Amino acid sequence: MTRKERYAFVLDYFKQHAPNAETELIYDNPYQLLVAVILSAQCTDKRVNMTTPAIFEEYPDVEALSHATFDELFPLIRSISYPNNKTKHLIGMAKMVVDKFHGEIPMTVEELVELPGVGRKTANVITSVVDNQPNMAVDTHVFRVAARIGLTLNATTPLATEKQLLEFIPKELVHIAHHWLILHGRYICIARTPKCDECGLKPVCKYYQKNVKPGVKAIG
DNA sequence: ATCCCGAGGG
DNA sequence: CCCTCTGGAT
């Protein structure tokens, strides 16, 4: 099976078995999405959604957030992973947007990654969701799932995974494919003990062939 | 115990 | 490349 055929099989499978999201980040504009995505690292969307309403009420735009002090913002983020870092990142991000980008959230990956707390994954999410740019955000789910089902070959970094996926996925499907991979990784192809019995991708899955398939010795 | 749509610094 | 940050749900 060629890699092209493998991609065709996977994309066709997801088209017919589109995974459903239980919770997603709630936002009304690019500013709110950026804040929510920065907060979402190592944290469930559900918990992010519990904290953002208070943040958006207190700081309705980047200008307001740029004037926040650490002690004001920290309590609103306290219940999320890495509250110290995220508080600093949010304020630093807002200050830079105001000072360097005239109060407008920049909409290129190169500019976005200049912002504190914004790495390549977050920049790809913002540009693809807000501006419909065909960019692929590679988080832990996309990285793991792509490797398991053979969409990537010897990809050891998120950037390598991103490039290989973009090479084979049609531009108009990049956005939805990203969502499919995320949700498949979150609910079926989970990190520890993937639910292979619920997965129709077994025929192309290297992980299944190697570690789960009956009669084949597990490697770990 | 282990997992959640990572980023920054060494 | 590695490590740290760091809270809540299951």
# chains A, B, ... in the order shown; residues from 1 in each chain; ligands from 1
$ residues_around --residues "range 193-200 of chain A" --least-positions-apart "6" --cutoff "10 Å" --atoms "only C-alpha atoms (C1' of nucleotides)" --output "short mmCIF file (atom, residue, chain, number, x, y, z; two decimals) with C-alpha atoms, in the first residue's frame"
data_model
loop_
_atom_site.label_atom_id
_atom_site.label_comp_id
_atom_site.auth_asym_id
_atom_site.auth_seq_id
_atom_site.Cartn_x
_atom_site.Cartn_y
_atom_site.Cartn_z
CA VAL A 10 -7.89 7.31 6.18
CA TYR A 13 -12.88 6.56 6.67
CA PHE A 14 -13.17 9.84 8.53
CA HIS A 17 -17.22 8.15 10.47
CA HIS A 184 -9.82 10.40 16.94
CA GLY A 185 -6.82 10.79 19.21
CA ARG A 186 -8.89 12.14 22.06
CA TYR A 187 -11.61 9.51 22.09
CA TYR A 207 0.45 0.35 15.95
CA TYR A 208 -2.32 -2.24 15.71
CA VAL A 212 -2.39 -5.43 19.25
CA LYS A 213 -3.08 -7.86 16.43
#
$ interface_residues --of "chain B" --to "chain A" --cutoff "6 Å" --atoms "only C-alpha atoms (C1' of nucleotides)" --output "list in words"
DC4, DG6 and DA7 of chain B
$ write_last_selection --atoms "all heavy atoms" --output "mmCIF file, in the first residue's frame"
data_model
loop_
_atom_site.group_PDB
_atom_site.id
_atom_site.type_symbol
_atom_site.label_atom_id
_atom_site.label_comp_id
_atom_site.auth_asym_id
_atom_site.auth_seq_id
_atom_site.Cartn_x
_atom_site.Cartn_y
_atom_site.Cartn_z
ATOM 1 P P DC B 4 -4.087 12.756 26.612
ATOM 2 O OP1 DC B 4 -4.579 12.300 25.310
ATOM 3 O OP2 DC B 4 -2.738 13.315 26.733
ATOM 4 O "O5'" DC B 4 -5.039 13.854 27.261
ATOM 5 C "C5'" DC B 4 -6.096 14.466 26.566
ATOM 6 C "C4'" DC B 4 -6.559 15.626 27.391
ATOM 7 O "O4'" DC B 4 -5.976 15.577 28.701
ATOM 8 C "C3'" DC B 4 -6.209 16.983 26.800
ATOM 9 O "O3'" DC B 4 -7.379 17.774 26.727
ATOM 10 C "C2'" DC B 4 -5.204 17.572 27.787
ATOM 11 C "C1'" DC B 4 -5.566 16.876 29.090
ATOM 12 N N1 DC B 4 -4.398 16.736 30.008
ATOM 13 C C2 DC B 4 -4.436 17.391 31.254
ATOM 14 O O2 DC B 4 -5.421 18.079 31.540
ATOM 15 N N3 DC B 4 -3.390 17.249 32.105
ATOM 16 C C4 DC B 4 -2.339 16.480 31.745
ATOM 17 N N4 DC B 4 -1.345 16.363 32.613
ATOM 18 C C5 DC B 4 -2.287 15.815 30.490
ATOM 19 C C6 DC B 4 -3.335 15.967 29.653
ATOM 20 P P DG B 6 -2.084 20.073 23.976
ATOM 21 O OP1 DG B 6 -1.316 19.002 23.347
ATOM 22 O OP2 DG B 6 -2.774 19.868 25.231
ATOM 23 O "O5'" DG B 6 -1.103 21.328 24.172
ATOM 24 C "C5'" DG B 6 -0.340 21.796 23.102
ATOM 25 C "C4'" DG B 6 0.208 23.168 23.459
ATOM 26 O "O4'" DG B 6 0.818 23.105 24.757
ATOM 27 C "C3'" DG B 6 1.289 23.671 22.508
ATOM 28 O "O3'" DG B 6 1.197 25.076 22.485
ATOM 29 C "C2'" DG B 6 2.554 23.160 23.149
ATOM 30 C "C1'" DG B 6 2.230 23.289 24.635
ATOM 31 N N9 DG B 6 2.873 22.284 25.479
ATOM 32 C C8 DG B 6 3.100 20.976 25.167
ATOM 33 N N7 DG B 6 3.679 20.320 26.127
ATOM 34 C C5 DG B 6 3.841 21.257 27.136
ATOM 35 C C6 DG B 6 4.411 21.134 28.424
ATOM 36 O O6 DG B 6 4.914 20.128 28.948
ATOM 37 N N1 DG B 6 4.371 22.331 29.135
ATOM 38 C C2 DG B 6 3.829 23.504 28.658
ATOM 39 N N2 DG B 6 3.870 24.550 29.464
ATOM 40 N N3 DG B 6 3.292 23.636 27.452
ATOM 41 C C4 DG B 6 3.343 22.473 26.753
ATOM 42 P P DA B 7 2.190 25.888 21.514
ATOM 43 O OP1 DA B 7 1.366 26.949 20.932
ATOM 44 O OP2 DA B 7 2.935 24.961 20.651
ATOM 45 O "O5'" DA B 7 3.207 26.554 22.552
ATOM 46 C "C5'" DA B 7 2.677 27.433 23.531
ATOM 47 C "C4'" DA B 7 3.779 27.963 24.424
ATOM 48 O "O4'" DA B 7 4.259 26.906 25.271
ATOM 49 C "C3'" DA B 7 4.992 28.523 23.661
ATOM 50 O "O3'" DA B 7 5.294 29.788 24.208
ATOM 51 C "C2'" DA B 7 6.085 27.482 23.918
ATOM 52 C "C1'" DA B 7 5.677 26.864 25.241
ATOM 53 N N9 DA B 7 6.047 25.459 25.410
ATOM 54 C C8 DA B 7 5.895 24.449 24.488
ATOM 55 N N7 DA B 7 6.288 23.277 24.922
ATOM 56 C C5 DA B 7 6.727 23.530 26.216
ATOM 57 C C6 DA B 7 7.265 22.697 27.218
ATOM 58 N N6 DA B 7 7.465 21.394 27.041
ATOM 59 N N1 DA B 7 7.591 23.259 28.399
ATOM 60 C C2 DA B 7 7.388 24.573 28.563
ATOM 61 N N3 DA B 7 6.884 25.457 27.697
ATOM 62 C C4 DA B 7 6.584 24.863 26.534
#
$ atom_distance --atom1 "CA of Phe168 in chain A" --atom2 "CA of Phe9 in chain A"
12.2 Å
$ residues_around --residues "Pro60 in chain A" --least-positions-apart "6" --cutoff "12 Å" --atoms "only C-alpha atoms (C1' of nucleotides)" --output "short mmCIF file (atom, residue, chain, number, x, y, z; two decimals) with all heavy atoms, in the first residue's frame"
data_model
loop_
_atom_site.label_atom_id
_atom_site.label_comp_id
_atom_site.auth_asym_id
_atom_site.auth_seq_id
_atom_site.Cartn_x
_atom_site.Cartn_y
_atom_site.Cartn_z
N TYR A 27 -15.73 30.84 21.97
CA TYR A 27 -15.15 32.16 21.71
C TYR A 27 -16.03 32.91 20.72
O TYR A 27 -16.82 32.30 19.99
CB TYR A 27 -13.75 32.02 21.13
CG TYR A 27 -13.73 31.26 19.82
CD1 TYR A 27 -13.78 31.96 18.60
CD2 TYR A 27 -13.70 29.87 19.79
CE1 TYR A 27 -13.79 31.26 17.40
CE2 TYR A 27 -13.71 29.18 18.60
CZ TYR A 27 -13.76 29.88 17.41
OH TYR A 27 -13.78 29.20 16.22
N ASP A 28 -15.87 34.24 20.70
CA ASP A 28 -16.67 35.07 19.80
C ASP A 28 -15.84 35.80 18.75
O ASP A 28 -16.38 36.32 17.78
CB ASP A 28 -17.45 36.13 20.60
CG ASP A 28 -18.68 35.54 21.26
OD1 ASP A 28 -19.16 34.51 20.79
OD2 ASP A 28 -19.15 36.13 22.26
N ASN A 29 -14.54 35.89 18.96
CA ASN A 29 -13.70 36.67 18.04
C ASN A 29 -12.26 36.18 18.15
O ASN A 29 -11.93 35.38 19.03
CB ASN A 29 -13.81 38.16 18.39
CG ASN A 29 -13.54 38.41 19.86
OD1 ASN A 29 -12.50 38.01 20.38
ND2 ASN A 29 -14.48 39.06 20.55
N PRO A 30 -11.37 36.64 17.27
CA PRO A 30 -9.98 36.19 17.27
C PRO A 30 -9.28 36.40 18.60
O PRO A 30 -8.51 35.53 19.05
CB PRO A 30 -9.33 37.03 16.18
CG PRO A 30 -10.44 37.35 15.24
CD PRO A 30 -11.66 37.52 16.11
N TYR A 31 -9.54 37.51 19.25
CA TYR A 31 -8.94 37.77 20.56
C TYR A 31 -9.32 36.68 21.56
O TYR A 31 -8.47 36.12 22.25
CB TYR A 31 -9.38 39.15 21.06
CG TYR A 31 -9.30 39.34 22.55
CD1 TYR A 31 -8.06 39.39 23.20
CD2 TYR A 31 -10.46 39.45 23.32
CE1 TYR A 31 -7.98 39.56 24.57
CE2 TYR A 31 -10.39 39.62 24.69
CZ TYR A 31 -9.15 39.68 25.31
OH TYR A 31 -9.09 39.83 26.66
N GLN A 32 -10.60 36.37 21.60
CA GLN A 32 -11.06 35.35 22.56
C GLN A 32 -10.52 33.96 22.20
O GLN A 32 -10.18 33.18 23.08
CB GLN A 32 -12.60 35.32 22.59
CG GLN A 32 -13.21 36.59 23.19
CD GLN A 32 -14.68 36.44 23.46
OE1 GLN A 32 -15.29 35.40 23.19
NE2 GLN A 32 -15.28 37.50 24.00
N VAL A 35 -6.84 33.77 23.35
CA VAL A 35 -6.76 33.58 24.79
C VAL A 35 -7.11 32.14 25.15
O VAL A 35 -6.40 31.48 25.92
CB VAL A 35 -7.71 34.55 25.53
CG1 VAL A 35 -7.82 34.19 27.01
CG2 VAL A 35 -7.24 35.99 25.36
N THR A 52 -12.94 31.21 30.93
CA THR A 52 -12.87 32.33 29.99
C THR A 52 -13.99 33.38 30.13
O THR A 52 -13.72 34.56 29.90
CB THR A 52 -12.81 31.82 28.54
OG1 THR A 52 -13.77 30.79 28.34
CG2 THR A 52 -11.43 31.30 28.22
N PRO A 53 -15.23 33.01 30.49
CA PRO A 53 -16.25 34.06 30.61
C PRO A 53 -15.85 35.19 31.55
O PRO A 53 -16.02 36.37 31.23
CB PRO A 53 -17.47 33.29 31.15
CG PRO A 53 -17.29 31.91 30.62
CD PRO A 53 -15.80 31.66 30.70
N ALA A 54 -15.28 34.85 32.69
CA ALA A 54 -14.86 35.88 33.65
C ALA A 54 -13.73 36.73 33.08
O ALA A 54 -13.67 37.94 33.30
CB ALA A 54 -14.43 35.23 34.96
N SER A 66 -4.08 44.15 28.08
CA SER A 66 -2.69 44.66 28.12
C SER A 66 -2.45 45.48 29.38
O SER A 66 -1.31 45.68 29.78
CB SER A 66 -2.39 45.50 26.88
OG SER A 66 -3.04 46.75 26.94
N HIS A 67 -3.51 45.96 29.99
CA HIS A 67 -3.37 46.76 31.21
C HIS A 67 -3.58 45.93 32.47
O HIS A 67 -3.51 46.46 33.58
CB HIS A 67 -4.37 47.92 31.21
CG HIS A 67 -4.14 48.90 30.09
ND1 HIS A 67 -2.95 49.56 29.90
CD2 HIS A 67 -4.95 49.31 29.08
CE1 HIS A 67 -3.03 50.35 28.85
NE2 HIS A 67 -4.25 50.20 28.31
N ALA A 68 -3.85 44.64 32.31
CA ALA A 68 -4.07 43.78 33.48
C ALA A 68 -2.76 43.61 34.25
O ALA A 68 -1.68 43.61 33.68
CB ALA A 68 -4.58 42.42 33.02
N ALA A 94 -0.87 40.37 25.08
CA ALA A 94 -1.72 41.56 24.87
C ALA A 94 -0.86 42.81 24.69
O ALA A 94 -1.13 43.64 23.81
CB ALA A 94 -2.69 41.72 26.03
#
$ closest_atom_pairs --of "chain A" --to "chain C" --cutoff "6 Å" --atoms "only C-alpha atoms (C1' of nucleotides)" --output "tab-separated table"
residue	atom	partner	partner_atom	distance
A:Ser79	CA	C:DG7	C1'	5.7
A:Ile80	CA	C:DG7	C1'	5.4
A:Ser81	CA	C:DG7	C1'	4.9
A:Tyr82	CA	C:DT6	C1'	4.6
$ residues_around --residues "Ala146 in chain A" --least-positions-apart "3" --cutoff "10 Å" --atoms "only C-alpha atoms (C1' of nucleotides)" --output "ChimeraX atom specification"
/A:138,141-143,149-153,155,161-162,164-165,181,185,205
$ decode --residues "chain B" --atoms "N, CA and C atoms (P, O5', C5', C4', C3', O3' and C1' of nucleotides)" --output "CSV table (one decimal), in the first residue's frame"
chain,number,residue,atom,x,y,z
B,1,DA,P,0.9,6.4,42.9
B,1,DA,O5',0.4,5.6,41.6
B,1,DA,C5',1.2,5.7,40.4
B,1,DA,C4',0.2,5.4,39.2
B,1,DA,C3',0.7,6.1,37.9
B,1,DA,O3',0.5,5.2,36.8
B,1,DA,C1',-1.5,6.8,38.6
B,2,DT,P,1.3,5.5,35.6
B,2,DT,O5',0.4,6.4,34.7
B,2,DT,C5',-0.9,5.9,34.3
B,2,DT,C4',-1.7,7.0,33.7
B,2,DT,C3',-0.9,7.8,32.7
B,2,DT,O3',-1.6,7.8,31.4
B,2,DT,C1',-2.2,9.1,34.1
B,3,DC,P,-0.8,8.2,30.1
B,3,DC,O5',-1.8,9.3,29.5
B,3,DC,C5',-3.2,9.1,29.4
B,3,DC,C4',-3.9,10.3,29.6
B,3,DC,C3',-3.5,11.5,28.8
B,3,DC,O3',-4.3,11.6,27.6
B,3,DC,C1',-4.1,12.1,31.0
B,4,DC,P,-4.1,12.8,26.6
B,4,DC,O5',-5.0,13.9,27.3
B,4,DC,C5',-6.1,14.5,26.6
B,4,DC,C4',-6.6,15.6,27.4
B,4,DC,C3',-6.2,17.0,26.8
B,4,DC,O3',-7.4,17.8,26.7
B,4,DC,C1',-5.6,16.9,29.1
B,5,DC,P,-8.2,17.7,25.3
B,5,DC,O5',-7.2,18.3,24.2
B,5,DC,C5',-6.4,19.4,24.4
B,5,DC,C4',-5.3,19.5,23.4
B,5,DC,C3',-4.6,20.8,23.3
B,5,DC,O3',-3.2,20.6,22.9
B,5,DC,C1',-5.8,20.6,21.3
B,6,DG,P,-2.1,20.1,24.0
B,6,DG,O5',-1.1,21.3,24.2
B,6,DG,C5',-0.3,21.8,23.1
B,6,DG,C4',0.2,23.2,23.5
B,6,DG,C3',1.3,23.7,22.5
B,6,DG,O3',1.2,25.1,22.5
B,6,DG,C1',2.2,23.3,24.6
B,7,DA,P,2.2,25.9,21.5
B,7,DA,O5',3.2,26.6,22.6
B,7,DA,C5',2.7,27.4,23.5
B,7,DA,C4',3.8,28.0,24.4
B,7,DA,C3',5.0,28.5,23.7
B,7,DA,O3',5.3,29.8,24.2
B,7,DA,C1',5.7,26.9,25.2
B,8,DG,P,6.5,30.6,23.7
B,8,DG,O5',7.6,30.4,24.8
B,8,DG,C5',7.3,30.7,26.1
B,8,DG,C4',8.5,30.4,27.0
B,8,DG,C3',9.8,30.9,26.5
B,8,DG,O3',10.5,31.4,27.6
B,8,DG,C1',10.0,28.6,26.9
B,9,DG,P,11.8,32.3,27.4
B,9,DG,O5',12.9,31.5,28.3
B,9,DG,C5',12.5,30.8,29.4
B,9,DG,C4',13.5,29.7,29.8
B,9,DG,C3',14.9,30.1,29.4
B,9,DG,O3',15.8,29.8,30.5
B,9,DG,C1',14.3,28.0,28.5
B,10,DG,P,17.3,30.2,30.5
B,10,DG,O5',18.0,28.8,30.6
B,10,DG,C5',17.5,27.8,31.6
B,10,DG,C4',18.2,26.5,31.4
B,10,DG,C3',19.7,26.6,31.1
B,10,DG,O3',20.3,25.5,31.9
B,10,DG,C1',18.7,25.4,29.3
